[in-house]
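Chemist: Let me begin by handing over the structure; questions about it come next.
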Amino acid sequence: MYYIGIDAGGTKTTAAIVDKKQNILFEYTTGQGNVTVHFLEAKHNIVEAIHQCLLNSYGRSCQAIVLGVAGIGSGDKKKRLQSALEGIFSLPTLVINDAELAYFANFKNNNGILSIAGTGSVFIGKNHSHFKMIGGWGHLLGDEGSSYDIGIKSLRILARKLETNGIHSTFTEALANQYGIYNSSQLKHFVYSSDKSAIAGISLFVYQLAKRHDKEAFQLIKEAGEILSNQTIQLIKLLQLTNPIHVKCKGSLFEKNEILFKSYKESLQHYDKDIQIQIGKNAAVTGAPFVLKNK
């Protein structure tokens, strides 16, 4: 028995045929799948991805479709998407939040917390039948500790320097030279003409500076790790989890930024030294079989 798992995010949609043991038998990637941003475009990409799965030799044995969609709630767009896909493909279809799909991929039906930090940030945990999520508000309302947050904070530091005594720290000089920002007009143009991913991309440059022992850059990365840890602790308390507490981490910040991950772990284990923390290994699409078992 096979399933189609779909991870539909703001930049790409990944669809895969998955078996009960979480093996990926076929995978296909296409454009953005966030229906809350652009419903018709996202729906088109999701339909294309499902078609490609069903055309595969394993496709005829697929029993259901499980979609994890960024930012999806319980409103009209969720119902519209589910109804449309069931009408097109005549397969049972379940639409959930992408973080929930990633949780099942990495915890199956076990208790724990999945912390996700990349361009944005979100935390999802489960204690028996009780699920709770913190974050996932997007860059205007939240995403604290994320790549976007690090990027915009870096630009704010540069803005303050431009307002006062000019660019005199090694951090702001490096930032100004990297992005060609030497005055307030250039800074405003950069910020208001850049999309979210471009601002988030600054975090990689900040990380590179931190590795070269720039104190301001290192502090920004360290503080981001602590912010992410504090949100994880808040979720532990809300769920009333008790030891052994297992935390798994996904997303580019945890997986590619060892300074941030170290700060996150140290802050979390300062709260409780027995918390088990590791990088989540399983792709979100592999959560499909376990979602269906629990719905």
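Here's how to read the names in the structure tokens: chain A, B, ... by the order shown, residue numbers from 1 in each chain, ligand numbers from 1 in the order shown.
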Considering only C-alpha atoms, tabulate each residue of segment 183-254 of chain A that lies at most 12 Å from segment 1-21 of chain A along with its nearest interatomic pair and the corresponding distance in Å to one decimal; arrange the rows by chain and ascending residue number and present them as JSON lines.

Modeler:
{"residue": "A:Asp195", "atom": "CA", "partner": "A:Thr11", "partner_atom": "CA", "distance": 11.8}
{"residue": "A:Lys196", "atom": "CA", "partner": "A:Gly10", "partner_atom": "CA", "distance": 10.5}
{"residue": "A:Ser197", "atom": "CA", "partner": "A:Thr11", "partner_atom": "CA", "distance": 9.2}

Chemist: Could the residues in this selection be saved with all heavy atoms as a compact mmCIF listing (two decimals), in the first residue's frame?

Modeler:
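Once everything was written out, this is out.txt:
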# COMPACT_ATOMS: atom_id res chain seq x y z
N ASP A 195 12.24 40.78 -1.72
CA ASP A 195 11.23 39.87 -1.19
C ASP A 195 11.75 39.23 0.11
O ASP A 195 12.89 39.45 0.52
CB ASP A 195 10.83 38.80 -2.21
CG ASP A 195 11.99 37.91 -2.66
OD1 ASP A 195 13.03 37.86 -1.96
OD2 ASP A 195 11.86 37.26 -3.71
N LYS A 196 10.88 38.43 0.72
CA LYS A 196 11.20 37.84 2.02
C LYS A 196 12.45 36.97 1.96
O LYS A 196 13.27 36.99 2.87
CB LYS A 196 10.00 37.03 2.50
CG LYS A 196 10.14 36.46 3.90
CD LYS A 196 8.83 35.93 4.43
CE LYS A 196 8.30 34.77 3.67
NZ LYS A 196 7.10 34.16 4.31
N SER A 197 12.61 36.20 0.89
CA SER A 197 13.75 35.30 0.80
C SER A 197 15.07 36.05 0.68
O SER A 197 16.10 35.59 1.17
CB SER A 197 13.58 34.34 -0.39
OG SER A 197 13.51 35.06 -1.61

Chemist: For the strand (DSSP E) assignment from backbone DSSP, which residues of segment 31-231 of chain A qualify? Please present them as a VMD selection string.

Modeler: chain A and resid 62 to 69 93 to 97 112 to 117 121 to 127 130 to 135

Chemist: Could you save the residues just selected, with N, CA and C atoms, as an mmCIF file, in the first residue's frame?

Modeler:
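Printed below is part-v1.cif as written:
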data_model
loop_
_atom_site.group_PDB
_atom_site.id
_atom_site.type_symbol
_atom_site.label_atom_id
_atom_site.label_comp_id
_atom_site.auth_asym_id
_atom_site.auth_seq_id
_atom_site.Cartn_x
_atom_site.Cartn_y
_atom_site.Cartn_z
ATOM 1 N N CYS A 62 -1.516 3.726 -5.219
ATOM 2 C CA CYS A 62 -1.648 4.751 -4.172
ATOM 3 C C CYS A 62 -3.086 4.780 -3.643
ATOM 4 N N GLN A 63 -3.205 4.794 -2.310
ATOM 5 C CA GLN A 63 -4.514 4.683 -1.665
ATOM 6 C C GLN A 63 -5.091 6.019 -1.203
ATOM 7 N N ALA A 64 -4.241 7.016 -1.013
ATOM 8 C CA ALA A 64 -4.712 8.297 -0.480
ATOM 9 C C ALA A 64 -3.670 9.380 -0.732
ATOM 10 N N ILE A 65 -4.116 10.620 -0.604
ATOM 11 C CA ILE A 65 -3.243 11.792 -0.759
ATOM 12 C C ILE A 65 -3.261 12.573 0.549
ATOM 13 N N VAL A 66 -2.083 12.899 1.049
ATOM 14 C CA VAL A 66 -1.971 13.731 2.251
ATOM 15 C C VAL A 66 -1.143 14.962 1.900
ATOM 16 N N LEU A 67 -1.745 16.132 2.080
ATOM 17 C CA LEU A 67 -1.062 17.389 1.780
ATOM 18 C C LEU A 67 -0.735 18.140 3.061
ATOM 19 N N GLY A 68 0.512 18.546 3.199
ATOM 20 C CA GLY A 68 0.903 19.483 4.229
ATOM 21 C C GLY A 68 1.134 20.830 3.571
ATOM 22 N N VAL A 69 0.268 21.793 3.863
ATOM 23 C CA VAL A 69 0.286 23.068 3.147
ATOM 24 C C VAL A 69 0.667 24.203 4.092
ATOM 25 N N THR A 93 -8.511 12.416 0.235
ATOM 26 C CA THR A 93 -7.507 13.480 0.336
ATOM 27 C C THR A 93 -7.633 14.177 1.680
ATOM 28 N N LEU A 94 -6.506 14.341 2.333
ATOM 29 C CA LEU A 94 -6.473 15.011 3.626
ATOM 30 C C LEU A 94 -5.523 16.202 3.538
ATOM 31 N N VAL A 95 -5.983 17.367 3.973
ATOM 32 C CA VAL A 95 -5.177 18.589 3.938
ATOM 33 C C VAL A 95 -4.899 19.041 5.365
ATOM 34 N N ILE A 96 -3.611 19.164 5.705
ATOM 35 C CA ILE A 96 -3.202 19.615 7.037
ATOM 36 C C ILE A 96 -2.098 20.657 6.896
ATOM 37 N N ASN A 97 -1.689 21.220 8.007
ATOM 38 C CA ASN A 97 -0.567 22.162 8.015
ATOM 39 C C ASN A 97 0.739 21.419 7.704
ATOM 40 N N GLY A 112 6.553 14.523 21.553
ATOM 41 C CA GLY A 112 7.778 15.293 21.390
ATOM 42 C C GLY A 112 7.502 16.656 20.807
ATOM 43 N N ILE A 113 8.573 17.341 20.420
ATOM 44 C CA ILE A 113 8.462 18.667 19.815
ATOM 45 C C ILE A 113 9.336 18.730 18.577
ATOM 46 N N LEU A 114 8.760 19.226 17.488
ATOM 47 C CA LEU A 114 9.513 19.488 16.267
ATOM 48 C C LEU A 114 9.689 20.991 16.135
ATOM 49 N N SER A 115 10.936 21.431 16.121
ATOM 50 C CA SER A 115 11.267 22.843 15.936
ATOM 51 C C SER A 115 11.739 23.044 14.501
ATOM 52 N N ILE A 116 11.121 23.975 13.799
ATOM 53 C CA ILE A 116 11.456 24.233 12.396
ATOM 54 C C ILE A 116 11.901 25.684 12.258
ATOM 55 N N ALA A 117 13.098 25.883 11.734
ATOM 56 C CA ALA A 117 13.612 27.238 11.558
ATOM 57 C C ALA A 117 14.387 27.342 10.250
ATOM 58 N N SER A 121 9.833 30.506 11.176
ATOM 59 C CA SER A 121 9.997 29.571 12.300
ATOM 60 C C SER A 121 8.635 29.142 12.820
ATOM 61 N N VAL A 122 8.564 27.870 13.224
ATOM 62 C CA VAL A 122 7.338 27.325 13.794
ATOM 63 C C VAL A 122 7.705 26.132 14.659
ATOM 64 N N PHE A 123 6.905 25.888 15.692
ATOM 65 C CA PHE A 123 7.163 24.811 16.648
ATOM 66 C C PHE A 123 5.862 24.043 16.846
ATOM 67 N N ILE A 124 5.949 22.719 16.724
ATOM 68 C CA ILE A 124 4.759 21.900 16.891
ATOM 69 C C ILE A 124 5.095 20.728 17.800
ATOM 70 N N GLY A 125 4.189 20.445 18.732
ATOM 71 C CA GLY A 125 4.435 19.367 19.676
ATOM 72 C C GLY A 125 3.175 18.566 19.954
ATOM 73 N N LYS A 126 3.387 17.375 20.514
ATOM 74 C CA LYS A 126 2.256 16.508 20.831
ATOM 75 C C LYS A 126 2.502 15.823 22.165
ATOM 76 N N ASN A 127 1.446 15.774 22.966
ATOM 77 C CA ASN A 127 1.457 15.000 24.201
ATOM 78 C C ASN A 127 0.222 14.110 24.165
ATOM 79 N N HIS A 130 -2.984 15.359 22.292
ATOM 80 C CA HIS A 130 -3.055 16.821 22.300
ATOM 81 C C HIS A 130 -1.921 17.428 21.478
ATOM 82 N N PHE A 131 -2.279 18.131 20.407
ATOM 83 C CA PHE A 131 -1.327 18.856 19.570
ATOM 84 C C PHE A 131 -1.352 20.345 19.920
ATOM 85 N N LYS A 132 -0.207 20.980 19.816
ATOM 86 C CA LYS A 132 -0.129 22.426 20.034
ATOM 87 C C LYS A 132 0.955 23.004 19.137
ATOM 88 N N MET A 133 0.694 24.190 18.596
ATOM 89 C CA MET A 133 1.666 24.839 17.729
ATOM 90 C C MET A 133 1.942 26.261 18.215
ATOM 91 N N ILE A 134 3.212 26.645 18.135
ATOM 92 C CA ILE A 134 3.628 28.011 18.437
ATOM 93 C C ILE A 134 4.359 28.561 17.216
ATOM 94 N N GLY A 135 4.090 29.819 16.885
ATOM 95 C CA GLY A 135 4.754 30.434 15.739
ATOM 96 C C GLY A 135 4.007 30.161 14.458
#

Chemist: Based on DSSP run over this structure's backbone, return all residues of segment 11-190 of chain A in helix (DSSP H, G or I), as a PyMOL selection string.

Modeler: chain A and resi 39-55+59-61+76-89+98-107+147-163+170-179+184-190

Chemist: Excluding segment 159-165 of chain A and any residue of its chain fewer than 2 positions from it, enumerate the residues within 8 Å of it, using only C-alpha atoms, and give them as an MDAnalysis selection string.

Modeler: chainID A and resid 155:157 167:168 172 182:184 187

Chemist: Would you mind listing what lies within 10 Å of Glu266 of chain A as a list in words, with only C-alpha atoms counted and same-chain residues fewer than 5 positions away left out?

Modeler: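 The filter keeps Gly225, Glu226, Ser229, Leu260, Phe261, Tyr271, Asp272 and Lys273 of chain A.
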
Chemist: So how far away is atom CA of Arg60 of chain A from atom CA of His44 of chain A, in Å?

Modeler: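 Atom CA of Arg60 of chain A lies at a distance of 21.3 Å from atom CA of His44 of chain A.
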
Chemist: For atom CA of Gln234 of chain A and atom CA of Asn282 of chain A, quote the distance in Å rounded to one decimal.

Modeler: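 Atom CA of Asn282 of chain A lies 24.6 Å from atom CA of Gln234 of chain A.
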
Chemist: Just how far from atom CA of Ala49 of chain A is atom CA of Lys79 of chain A, in Å to one decimal?

Modeler: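 We find that atom CA of Lys79 of chain A and atom CA of Ala49 of chain A lie 19.3 Å from each other.
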
Chemist: Using only C-alpha atoms, determine which residues lie at most 12 Å from Thr119 of chain A, disregarding the query and same-chain residues fewer than 2 positions distant; provide the list as a ChimeraX atom specification.

Modeler: /A:9-11,116-117,121-122,136,138-139,142-152,195-204,250-254

Chemist: Can you tell me, as a list in words, what residues are no more than 12 Å from Arg80 of chain A when counting only C-alpha atoms, ignoring any on the same chain fewer than 2 positions away?

Modeler: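 Final neighbour list, sorted by chain and number: Val35, Thr36, Phe39, Leu40, Lys43, Ile72, Gly73, Ser74, Gly75, Asp76, Lys77, Lys78, Gln82, Ser83, Ala84, Leu85, Glu86, Gly87, Thr93, Leu94 and Val95 of chain A.
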
Chemist: Can you write just those residues out, N, CA, C and O atoms, as a PDB file, in the first residue's frame?

Modeler:
ATOM      1  N   VAL A  35      -1.389  27.934  -0.788  1.00  0.00           N
ATOM      2  CA  VAL A  35      -2.698  28.370  -1.293  1.00  0.00           C
ATOM      3  C   VAL A  35      -3.195  29.628  -0.599  1.00  0.00           C
ATOM      4  O   VAL A  35      -4.098  30.304  -1.114  1.00  0.00           O
ATOM      5  N   THR A  36      -2.655  29.951   0.557  1.00  0.00           N
ATOM      6  CA  THR A  36      -3.091  31.167   1.252  1.00  0.00           C
ATOM      7  C   THR A  36      -2.520  32.421   0.595  1.00  0.00           C
ATOM      8  O   THR A  36      -3.044  33.511   0.786  1.00  0.00           O
ATOM      9  N   PHE A  39      -3.972  31.115  -4.496  1.00  0.00           N
ATOM     10  CA  PHE A  39      -4.703  29.842  -4.522  1.00  0.00           C
ATOM     11  C   PHE A  39      -4.584  29.137  -5.868  1.00  0.00           C
ATOM     12  O   PHE A  39      -4.245  27.947  -5.923  1.00  0.00           O
ATOM     13  N   LEU A  40      -4.870  29.823  -6.963  1.00  0.00           N
ATOM     14  CA  LEU A  40      -4.925  29.167  -8.268  1.00  0.00           C
ATOM     15  C   LEU A  40      -3.555  28.669  -8.705  1.00  0.00           C
ATOM     16  O   LEU A  40      -3.425  27.555  -9.235  1.00  0.00           O
ATOM     17  N   LYS A  43      -2.656  25.690  -6.430  1.00  0.00           N
ATOM     18  CA  LYS A  43      -3.469  24.524  -6.804  1.00  0.00           C
ATOM     19  C   LYS A  43      -2.944  23.897  -8.092  1.00  0.00           C
ATOM     20  O   LYS A  43      -2.834  22.662  -8.194  1.00  0.00           O
ATOM     21  N   ILE A  72      -1.908  26.778   6.090  1.00  0.00           N
ATOM     22  CA  ILE A  72      -3.315  26.399   5.922  1.00  0.00           C
ATOM     23  C   ILE A  72      -4.006  26.363   7.279  1.00  0.00           C
ATOM     24  O   ILE A  72      -3.445  25.930   8.277  1.00  0.00           O
ATOM     25  N   GLY A  73      -5.212  26.836   7.318  1.00  0.00           N
ATOM     26  CA  GLY A  73      -5.997  26.786   8.546  1.00  0.00           C
ATOM     27  C   GLY A  73      -7.174  25.848   8.358  1.00  0.00           C
ATOM     28  O   GLY A  73      -7.101  24.862   7.638  1.00  0.00           O
ATOM     29  N   SER A  74      -8.266  26.165   8.992  1.00  0.00           N
ATOM     30  CA  SER A  74      -9.461  25.334   8.869  1.00  0.00           C
ATOM     31  C   SER A  74     -10.533  26.031   8.040  1.00  0.00           C
ATOM     32  O   SER A  74     -11.690  25.637   8.039  1.00  0.00           O
ATOM     33  N   GLY A  75     -10.130  27.078   7.322  1.00  0.00           N
ATOM     34  CA  GLY A  75     -11.108  27.907   6.629  1.00  0.00           C
ATOM     35  C   GLY A  75     -11.464  27.434   5.241  1.00  0.00           C
ATOM     36  O   GLY A  75     -11.265  26.274   4.865  1.00  0.00           O
ATOM     37  N   ASP A  76     -11.948  28.369   4.442  1.00  0.00           N
ATOM     38  CA  ASP A  76     -12.518  28.086   3.135  1.00  0.00           C
ATOM     39  C   ASP A  76     -11.511  27.492   2.161  1.00  0.00           C
ATOM     40  O   ASP A  76     -11.835  26.579   1.398  1.00  0.00           O
ATOM     41  N   LYS A  77     -10.281  27.993   2.153  1.00  0.00           N
ATOM     42  CA  LYS A  77      -9.289  27.522   1.178  1.00  0.00           C
ATOM     43  C   LYS A  77      -8.912  26.066   1.410  1.00  0.00           C
ATOM     44  O   LYS A  77      -8.669  25.326   0.455  1.00  0.00           O
ATOM     45  N   LYS A  78      -8.868  25.643   2.646  1.00  0.00           N
ATOM     46  CA  LYS A  78      -8.586  24.237   2.952  1.00  0.00           C
ATOM     47  C   LYS A  78      -9.689  23.350   2.385  1.00  0.00           C
ATOM     48  O   LYS A  78      -9.413  22.328   1.739  1.00  0.00           O
ATOM     49  N   GLN A  82      -9.248  20.634  -0.775  1.00  0.00           N
ATOM     50  CA  GLN A  82      -9.542  19.210  -0.571  1.00  0.00           C
ATOM     51  C   GLN A  82     -10.634  18.742  -1.521  1.00  0.00           C
ATOM     52  O   GLN A  82     -10.522  17.677  -2.149  1.00  0.00           O
ATOM     53  N   SER A  83     -11.703  19.514  -1.647  1.00  0.00           N
ATOM     54  CA  SER A  83     -12.823  19.154  -2.517  1.00  0.00           C
ATOM     55  C   SER A  83     -12.379  19.094  -3.981  1.00  0.00           C
ATOM     56  O   SER A  83     -12.744  18.166  -4.718  1.00  0.00           O
ATOM     57  N   ALA A  84     -11.563  20.063  -4.396  1.00  0.00           N
ATOM     58  CA  ALA A  84     -11.095  20.104  -5.786  1.00  0.00           C
ATOM     59  C   ALA A  84     -10.228  18.899  -6.111  1.00  0.00           C
ATOM     60  O   ALA A  84     -10.392  18.267  -7.164  1.00  0.00           O
ATOM     61  N   LEU A  85      -9.332  18.542  -5.225  1.00  0.00           N
ATOM     62  CA  LEU A  85      -8.421  17.426  -5.485  1.00  0.00           C
ATOM     63  C   LEU A  85      -9.153  16.090  -5.478  1.00  0.00           C
ATOM     64  O   LEU A  85      -8.854  15.206  -6.292  1.00  0.00           O
ATOM     65  N   GLU A  86     -10.105  15.924  -4.564  1.00  0.00           N
ATOM     66  CA  GLU A  86     -10.887  14.682  -4.554  1.00  0.00           C
ATOM     67  C   GLU A  86     -11.721  14.552  -5.825  1.00  0.00           C
ATOM     68  O   GLU A  86     -11.906  13.442  -6.335  1.00  0.00           O
ATOM     69  N   GLY A  87     -12.169  15.689  -6.345  1.00  0.00           N
ATOM     70  CA  GLY A  87     -12.935  15.665  -7.586  1.00  0.00           C
ATOM     71  C   GLY A  87     -12.073  15.310  -8.792  1.00  0.00           C
ATOM     72  O   GLY A  87     -12.524  14.603  -9.701  1.00  0.00           O
ATOM     73  N   THR A  93      -8.511  12.416   0.235  1.00  0.00           N
ATOM     74  CA  THR A  93      -7.507  13.480   0.336  1.00  0.00           C
ATOM     75  C   THR A  93      -7.633  14.177   1.680  1.00  0.00           C
ATOM     76  O   THR A  93      -8.726  14.548   2.100  1.00  0.00           O
ATOM     77  N   LEU A  94      -6.506  14.341   2.333  1.00  0.00           N
ATOM     78  CA  LEU A  94      -6.473  15.011   3.626  1.00  0.00           C
ATOM     79  C   LEU A  94      -5.523  16.202   3.538  1.00  0.00           C
ATOM     80  O   LEU A  94      -4.378  16.062   3.081  1.00  0.00           O
ATOM     81  N   VAL A  95      -5.983  17.367   3.973  1.00  0.00           N
ATOM     82  CA  VAL A  95      -5.177  18.589   3.938  1.00  0.00           C
ATOM     83  C   VAL A  95      -4.899  19.041   5.365  1.00  0.00           C
ATOM     84  O   VAL A  95      -5.833  19.262   6.144  1.00  0.00           O
TER      85      VAL A  95
END

Chemist: Skip Asn294 of chain A itself and residues of its chain fewer than 4 positions away, then list as a VMD selection string all residues within 12 Å of it, counting only C-alpha atoms.

Modeler: chain A and resid 94 100 to 101 104 108 to 110 128 to 131 287 to 290

Chemist: Write a file of the selected residues as a PDB file, in the first residue's frame, keeping C-alpha atoms.

Modeler:
ATOM      1  CA  LEU A  94      -6.473  15.011   3.626  1.00  0.00           C
ATOM      2  CA  GLU A 100       2.016  18.784  11.264  1.00  0.00           C
ATOM      3  CA  LEU A 101       3.025  16.603   8.300  1.00  0.00           C
ATOM      4  CA  PHE A 104       4.460  12.830  11.859  1.00  0.00           C
ATOM      5  CA  LYS A 108       5.331   8.982  13.902  1.00  0.00           C
ATOM      6  CA  ASN A 109       2.795   8.842  16.763  1.00  0.00           C
ATOM      7  CA  ASN A 110       5.251   9.505  19.602  1.00  0.00           C
ATOM      8  CA  HIS A 128      -0.655  11.887  23.577  1.00  0.00           C
ATOM      9  CA  SER A 129      -3.692  13.129  21.616  1.00  0.00           C
ATOM     10  CA  HIS A 130      -3.055  16.821  22.300  1.00  0.00           C
ATOM     11  CA  PHE A 131      -1.327  18.856  19.570  1.00  0.00           C
ATOM     12  CA  GLY A 287       4.677  11.556   7.336  1.00  0.00           C
ATOM     13  CA  ALA A 288       1.694  10.664   5.124  1.00  0.00           C
ATOM     14  CA  PRO A 289       1.136   7.061   6.371  1.00  0.00           C
ATOM     15  CA  PHE A 290       1.187   8.138  10.028  1.00  0.00           C
TER      16      PHE A 290
END
